[in-house]
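The data block below is model-v3.pdb; it holds PDB, C-alpha atoms.
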ATOM      1  CA  MET G   1       0.000   0.000   0.000
ATOM      2  CA  ALA G   2       2.914   2.362   0.593
ATOM      3  CA  ALA G   3       3.879   2.328  -3.108
ATOM      4  CA  GLN G   4       0.267   2.997  -4.118
ATOM      5  CA  ASN G   5       0.125   6.001  -1.807
ATOM      6  CA  ARG G   6       3.499   7.285  -3.034
ATOM      7  CA  TYR G   7       2.523   7.099  -6.709
ATOM      8  CA  MET G   8      -0.925   8.556  -6.087
ATOM      9  CA  ALA G   9       0.676  11.431  -4.159
ATOM     10  CA  VAL G  10       2.662  12.289  -7.292
ATOM     11  CA  ALA G  11      -0.517  12.039  -9.401
ATOM     12  CA  LEU G  12      -2.193  14.450  -6.970
ATOM     13  CA  GLU G  13       0.731  16.870  -7.416
ATOM     14  CA  GLU G  14       0.173  16.692 -11.177
ATOM     15  CA  ALA G  15      -3.550  17.377 -10.682
ATOM     16  CA  GLU G  16      -2.768  20.435  -8.567
ATOM     17  CA  ALA G  17      -0.329  21.693 -11.216
ATOM     18  CA  ALA G  18      -3.030  21.239 -13.862
ATOM     19  CA  ALA G  19      -5.434  23.296 -11.754
ATOM     20  CA  ARG G  20      -2.865  26.097 -11.493
ATOM     21  CA  ARG G  21      -2.687  26.091 -15.318
ATOM     22  CA  GLY G  22      -6.478  26.395 -15.505
ATOM     23  CA  GLU G  23      -6.904  22.799 -16.651
ATOM     24  CA  VAL G  24      -9.373  20.330 -15.165
ATOM     25  CA  PRO G  25      -7.228  18.973 -12.320
ATOM     26  CA  VAL G  26      -6.443  15.398 -13.230
ATOM     27  CA  GLY G  27      -3.001  13.877 -12.747
ATOM     28  CA  ALA G  28      -1.514  10.562 -13.788
ATOM     29  CA  VAL G  29       1.608   8.517 -13.062
ATOM     30  CA  ILE G  30       2.915   5.383 -14.746
ATOM     31  CA  ALA G  31       5.145   3.143 -12.662
ATOM     32  CA  LEU G  32       7.137   0.153 -13.868
ATOM     33  CA  ASP G  33       9.411  -2.027 -11.771
ATOM     34  CA  GLY G  34       9.172   0.337  -8.799
ATOM     35  CA  GLU G  35      10.103   3.441 -10.804
ATOM     36  CA  ILE G  36       8.024   6.316 -12.119
ATOM     37  CA  VAL G  37       8.511   6.269 -15.893
ATOM     38  CA  ALA G  38       6.018   9.036 -16.707
ATOM     39  CA  ARG G  39       3.841  11.635 -15.039
ATOM     40  CA  ALA G  40       1.426  14.155 -16.481
ATOM     41  CA  GLY G  41      -1.515  16.413 -15.830
ATOM     42  CA  ASN G  42      -4.302  17.500 -18.141
ATOM     43  CA  ARG G  43      -3.200  19.925 -20.875
ATOM     44  CA  THR G  44      -6.221  20.041 -23.186
ATOM     45  CA  ARG G  45      -6.530  23.845 -23.090
ATOM     46  CA  GLU G  46      -2.808  24.557 -23.203
ATOM     47  CA  LEU G  47      -2.248  22.290 -26.203
ATOM     48  CA  ALA G  48      -5.666  22.942 -27.805
ATOM     49  CA  ASP G  49      -5.943  19.157 -27.981
ATOM     50  CA  ILE G  50      -9.000  17.395 -26.597
ATOM     51  CA  THR G  51      -6.984  14.149 -26.358
ATOM     52  CA  ALA G  52      -4.391  15.714 -24.022
ATOM     53  CA  HIS G  53      -5.839  14.044 -20.937
ATOM     54  CA  ALA G  54      -3.372  13.188 -18.170
ATOM     55  CA  GLU G  55      -3.608   9.449 -18.873
ATOM     56  CA  ILE G  56      -2.956   9.846 -22.606
ATOM     57  CA  LEU G  57      -0.005  12.179 -22.017
ATOM     58  CA  ALA G  58       1.482   9.781 -19.453
ATOM     59  CA  ILE G  59       1.071   6.812 -21.809
ATOM     60  CA  ARG G  60       2.725   8.781 -24.638
ATOM     61  CA  ALA G  61       5.624   9.797 -22.383
ATOM     62  CA  ALA G  62       6.138   6.283 -21.004
ATOM     63  CA  SER G  63       6.016   4.760 -24.485
ATOM     64  CA  ALA G  64       8.539   7.292 -25.784
ATOM     65  CA  ARG G  65      10.848   6.765 -22.816
ATOM     66  CA  LEU G  66      10.697   2.973 -23.100
ATOM     67  CA  GLY G  67      10.681   2.903 -26.903
ATOM     68  CA  GLN G  68       7.603   0.706 -27.157
ATOM     69  CA  GLU G  69       3.864   1.100 -27.564
ATOM     70  CA  ARG G  70       2.958  -1.677 -25.161
ATOM     71  CA  LEU G  71       3.418  -0.982 -21.463
ATOM     72  CA  THR G  72       2.984  -4.541 -20.242
ATOM     73  CA  GLY G  73       3.775  -4.749 -16.544
ATOM     74  CA  ALA G  74       3.219  -1.031 -15.955
ATOM     75  CA  ASP G  75       0.715   0.395 -13.507
ATOM     76  CA  LEU G  76      -1.231   3.633 -14.005
ATOM     77  CA  TYR G  77      -2.288   5.859 -11.114
ATOM     78  CA  VAL G  78      -4.809   8.569 -11.961
ATOM     79  CA  THR G  79      -6.746  10.923  -9.728
ATOM     80  CA  LEU G  80     -10.078  10.552 -11.558
ATOM     81  CA  GLU G  81     -11.819   7.560 -13.105
ATOM     82  CA  PRO G  82     -10.710   7.480 -16.756
ATOM     83  CA  CYS G  83     -13.151   8.422 -19.498
ATOM     84  CA  ALA G  84     -13.942   5.974 -22.307
ATOM     85  CA  MET G  85     -11.159   7.378 -24.518
ATOM     86  CA  CYS G  86      -8.555   6.943 -21.801
ATOM     87  CA  ALA G  87      -9.904   3.528 -20.799
ATOM     88  CA  ALA G  88      -9.415   2.393 -24.398
ATOM     89  CA  ALA G  89      -5.863   3.788 -24.513
ATOM     90  CA  ILE G  90      -5.056   2.030 -21.241
ATOM     91  CA  SER G  91      -6.331  -1.225 -22.733
ATOM     92  CA  PHE G  92      -4.440  -0.806 -26.017
ATOM     93  CA  ALA G  93      -1.226   0.024 -24.104
ATOM     94  CA  ARG G  94      -1.693  -3.205 -22.115
ATOM     95  CA  ILE G  95      -1.364  -1.446 -18.756
ATOM     96  CA  ARG G  96      -1.287  -4.120 -16.053
ATOM     97  CA  ARG G  97      -3.125  -2.300 -13.247
ATOM     98  CA  LEU G  98      -5.219   0.847 -13.049
ATOM     99  CA  TYR G  99      -5.507   2.665  -9.735
ATOM    100  CA  TYR G 100      -7.810   5.655  -9.608
ATOM    101  CA  GLY G 101      -8.962   8.090  -6.960
ATOM    102  CA  ALA G 102     -12.344   9.743  -7.434
ATOM    103  CA  ALA G 103     -15.187   8.080  -9.302
ATOM    104  CA  ASP G 104     -16.705   9.955 -12.250
ATOM    105  CA  PRO G 105     -20.397   9.011 -12.496
ATOM    106  CA  LYS G 106     -20.971  11.444 -15.392
ATOM    107  CA  GLY G 107     -17.878  10.934 -17.536
ATOM    108  CA  GLY G 108     -16.195   7.767 -16.330
ATOM    109  CA  GLY G 109     -15.686   4.866 -18.676
ATOM    110  CA  VAL G 110     -14.443   2.197 -16.278
ATOM    111  CA  ASP G 111     -16.989   1.696 -13.498
ATOM    112  CA  HIS G 112     -19.543   4.146 -14.919
ATOM    113  CA  GLY G 113     -20.859   4.992 -18.384
ATOM    114  CA  GLY G 114     -19.815   2.537 -21.071
ATOM    115  CA  ARG G 115     -17.722   0.381 -18.735
ATOM    116  CA  PHE G 116     -15.142  -0.218 -21.436
ATOM    117  CA  TYR G 117     -13.441  -3.196 -19.804
ATOM    118  CA  ALA G 118     -16.727  -5.094 -19.444
ATOM    119  CA  GLN G 119     -17.384  -5.013 -23.191
ATOM    120  CA  PRO G 120     -16.861  -8.213 -25.198
ATOM    121  CA  THR G 121     -14.816  -6.224 -27.725
ATOM    122  CA  CYS G 122     -12.232  -5.287 -25.083
ATOM    123  CA  HIS G 123      -9.100  -7.360 -25.725
ATOM    124  CA  HIS G 124      -7.235  -6.391 -22.552
ATOM    125  CA  ALA G 125      -8.652  -5.276 -19.231
ATOM    126  CA  PRO G 126      -6.274  -4.125 -16.502
ATOM    127  CA  GLU G 127      -6.840  -4.973 -12.885
ATOM    128  CA  VAL G 128      -8.802  -1.992 -11.545
ATOM    129  CA  TYR G 129      -8.541  -0.556  -8.034
ATOM    130  CA  SER G 130     -10.704   2.450  -7.214
ATOM    131  CA  GLY G 131     -10.887   4.838  -4.283
ATOM    132  CA  ILE G 132      -7.127   5.343  -3.874
ATOM    133  CA  ALA G 133      -6.755   8.760  -2.146
ATOM    134  CA  GLU G 134     -10.356   9.351  -3.191
ATOM    135  CA  THR G 135     -11.066  12.147  -0.711
ATOM    136  CA  ALA G 136      -8.017  14.179  -1.730
ATOM    137  CA  ALA G 137      -8.652  13.645  -5.436
ATOM    138  CA  ALA G 138     -12.306  14.643  -5.129
ATOM    139  CA  GLN G 139     -11.422  17.718  -3.070
ATOM    140  CA  ILE G 140      -9.046  19.043  -5.725
ATOM    141  CA  LEU G 141     -11.833  18.759  -8.306
ATOM    142  CA  THR G 142     -14.464  20.284  -6.003
ATOM    143  CA  ASP G 143     -12.219  23.237  -5.150
ATOM    144  CA  PHE G 144     -11.351  23.816  -8.805
ATOM    145  CA  PHE G 145     -14.948  23.911 -10.009
ATOM    146  CA  ARG G 146     -16.139  25.936  -7.002
ATOM    147  CA  ASN G 147     -13.527  28.590  -7.795
ATOM    148  CA  ARG G 148     -14.538  28.639 -11.481
ATOM    149  CA  ARG G 149     -18.178  29.488 -10.755
TER     150      ARG G 149
END

Show how you would write the structure in this file as structure tokens.
Amino acid sequence: MAAQNRYMAVALEEAEAAARRGEVPVGAVIALDGEIVARAGNRTRELADITAHAEILAIRAASARLGQERLTGADLYVTLEPCAMCAAAISFARIRRLYYGAADPKGGGVDHGGRFYAQPTCHHAPEVYSGIAETAAAQILTDFFRNRR
């Protein structure tokens, strides 16, 4: 559990940095063999790229660093339940385990919405662990949207 908390703490730092940039505060970390190989926060506004979610950016960075498109054996820590797009990318990258903080009943694609990994067309489903640092992750989002109104 200590490693999970350590990696999620870094993901929370990325979420806070995203909030400071005016982005929806979501952060992600990819760990492999006990090492962080990538970390990212949302940058959709900054990059004018709707696909620049934290998970996608972390997968891109990890793949570039490792020189491979498949991240077999890697674990992804993200502060918010991934959307359907990110759930698909996680599957295609062959991420081993997904740990997420806050649930997303409106936009989630893992335990809510389309439930990507439960579909018969899903070729790879990671092990999913939810509620990791859930209170902290949810608070960052709540504070961000409260301050925007």

Practice item. Rank G:Pro126, G:Gly114, G:Gly41, G:Gly73 by their smallest atom-to-atom distance to G:Ala61, using only C-alpha atoms, and report the top residue only. Key: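 Distance minimum relative to G:Ala61 lands on G:Gly41.
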
Exercise for review: Pull out every residue that the PyMOL selection byres ((chain G and resi 45) around 12) matches in the shown coordinates and put them as a PyMOL selection string.
Suggested key: chain G and resi 18-19+21-25+41-44+46-53

**Study point:** the PyMOL selection byres ((chain G and resi 79) around 12) resolved against shown file, as a VMD selection string
**Key:** chain G and resid 4 to 5 7 to 16 18 24 to 29 39 to 42 53 to 55 76 to 78 80 to 83 98 to 104 108 129 to 141

Check your understanding: Using the chain letters and numbers from the file, which residues does the PyMOL selection byres ((chain G and resi 63-69) around 12) grab, as a list of chain:residue names?
Key ->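 When the PyMOL selection byres ((chain G and resi 63-69) around 12) is applied, the selected residues are G:Ile30, G:Ala31, G:Leu32, G:Ile36, G:Val37, G:Ala38, G:Arg39, G:Ile56, G:Leu57, G:Ala58, G:Ile59, G:Arg60, G:Ala61, G:Ala62, G:Arg70, G:Leu71, G:Thr72, G:Ala74, G:Ala89, G:Ile90, G:Ser91, G:Phe92, G:Ala93, G:Arg94, G:Ile95.
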
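Using all atoms listed in the file, the nearest neighbour of G:Ala17 within the list G:Ala118, G:Gly107, G:Ala84, G:Phe144 is G:Phe144.
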
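Shortest atom-to-atom contact with G:Ala2 among G:Gly34, G:Phe145, G:Gly109, G:Arg20: G:Gly34, counting only C-alpha atoms.
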
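Put simply, atom CA of G:Glu35 is 26.1 Å away from atom CA of G:Tyr117.
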
Point to revise | Among the residues G:Asp111, G:Ala87, G:Arg6, G:Arg146, the one that comes closest to G:His123 [using all atoms listed in the file] | key: G:Ala87

Review point. What separation in Å, quoted to one decimal, exists between atom CA of G:Ala125 and atom CA of G:Cys86?
Key: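 According to the coordinates, atom CA of G:Ala125 and atom CA of G:Cys86 are separated by 12.5 Å.
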
Practice item. Tell me, in Å to one decimal, how far atom CA of G:Asp33 is from atom CA of G:Arg115. Key: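 Between atom CA of G:Asp33 and atom CA of G:Arg115 the gap works out to 28.1 Å.
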
Please enclose the listed atoms of stretch 104-117 of chain G in an axis-aligned box, pad each side by 4 Å, and write out the centre and the three edge lengths in Å, rounded to one decimal, as AutoDock Vina command-line options.
--center_x -17.2 --center_y 4.1 --center_z -16.8 --size_x 15.5 --size_y 22.6 --size_z 17.2

Practice item. Could you check which of G:Asp75, G:Thr121, G:Pro105, G:Asp143 is closest to G:Ala88, using only C-alpha atoms? Key: G:Thr121

Written coordinates, N, CA and C atoms of stretch 48-72 of chain G as a short mmCIF file (atom, residue, chain, number, x, y, z; two decimals), in the first residue's frame:
data_model
loop_
_atom_site.label_atom_id
_atom_site.label_comp_id
_atom_site.auth_asym_id
_atom_site.auth_seq_id
_atom_site.Cartn_x
_atom_site.Cartn_y
_atom_site.Cartn_z
N ALA G 48 -4.51 22.90 -26.89
CA ALA G 48 -5.67 22.94 -27.81
C ALA G 48 -5.87 21.56 -28.43
N ASP G 49 -5.87 20.55 -27.55
CA ASP G 49 -5.94 19.16 -27.98
C ASP G 49 -6.84 18.40 -27.01
N ILE G 50 -8.03 18.06 -27.46
CA ILE G 50 -9.00 17.40 -26.60
C ILE G 50 -8.50 16.04 -26.12
N THR G 51 -7.52 15.45 -26.79
CA THR G 51 -6.98 14.15 -26.36
C THR G 51 -5.87 14.29 -25.33
N ALA G 52 -5.51 15.50 -24.94
CA ALA G 52 -4.39 15.71 -24.02
C ALA G 52 -4.80 15.53 -22.57
N HIS G 53 -5.50 14.42 -22.31
CA HIS G 53 -5.84 14.04 -20.94
C HIS G 53 -4.57 13.53 -20.25
N ALA G 54 -4.54 13.61 -18.93
CA ALA G 54 -3.37 13.19 -18.17
C ALA G 54 -2.95 11.76 -18.50
N GLU G 55 -3.93 10.86 -18.59
CA GLU G 55 -3.61 9.45 -18.87
C GLU G 55 -2.94 9.28 -20.23
N ILE G 56 -3.49 9.95 -21.24
CA ILE G 56 -2.96 9.85 -22.61
C ILE G 56 -1.53 10.41 -22.64
N LEU G 57 -1.34 11.57 -22.03
CA LEU G 57 -0.01 12.18 -22.02
C LEU G 57 1.00 11.29 -21.29
N ALA G 58 0.58 10.68 -20.19
CA ALA G 58 1.48 9.78 -19.45
C ALA G 58 1.81 8.54 -20.28
N ILE G 59 0.82 7.98 -20.95
CA ILE G 59 1.07 6.81 -21.81
C ILE G 59 2.04 7.19 -22.93
N ARG G 60 1.82 8.33 -23.56
CA ARG G 60 2.72 8.78 -24.64
C ARG G 60 4.15 8.94 -24.11
N ALA G 61 4.29 9.57 -22.95
CA ALA G 61 5.62 9.80 -22.38
C ALA G 61 6.30 8.48 -22.00
N ALA G 62 5.56 7.57 -21.39
CA ALA G 62 6.14 6.28 -21.00
C ALA G 62 6.54 5.48 -22.24
N SER G 63 5.70 5.49 -23.25
CA SER G 63 6.02 4.76 -24.48
C SER G 63 7.26 5.33 -25.15
N ALA G 64 7.36 6.66 -25.19
CA ALA G 64 8.54 7.29 -25.78
C ALA G 64 9.80 6.96 -24.98
N ARG G 65 9.69 7.03 -23.67
CA ARG G 65 10.85 6.77 -22.82
C ARG G 65 11.32 5.32 -22.96
N LEU G 66 10.35 4.39 -23.04
CA LEU G 66 10.70 2.97 -23.10
C LEU G 66 10.90 2.48 -24.53
N GLY G 67 10.51 3.29 -25.51
CA GLY G 67 10.68 2.90 -26.90
C GLY G 67 9.76 1.79 -27.35
N GLN G 68 8.56 1.76 -26.79
CA GLN G 68 7.60 0.71 -27.16
C GLN G 68 6.19 1.19 -26.92
N GLU G 69 5.26 0.69 -27.72
CA GLU G 69 3.86 1.10 -27.56
C GLU G 69 3.12 0.30 -26.50
N ARG G 70 3.59 -0.86 -26.18
CA ARG G 70 2.96 -1.68 -25.16
C ARG G 70 3.67 -1.47 -23.83
N LEU G 71 2.87 -1.25 -22.80
CA LEU G 71 3.42 -0.98 -21.46
C LEU G 71 3.10 -2.14 -20.51
N THR G 72 3.25 -3.34 -21.02
CA THR G 72 2.98 -4.54 -20.24
C THR G 72 3.79 -4.51 -18.95
#
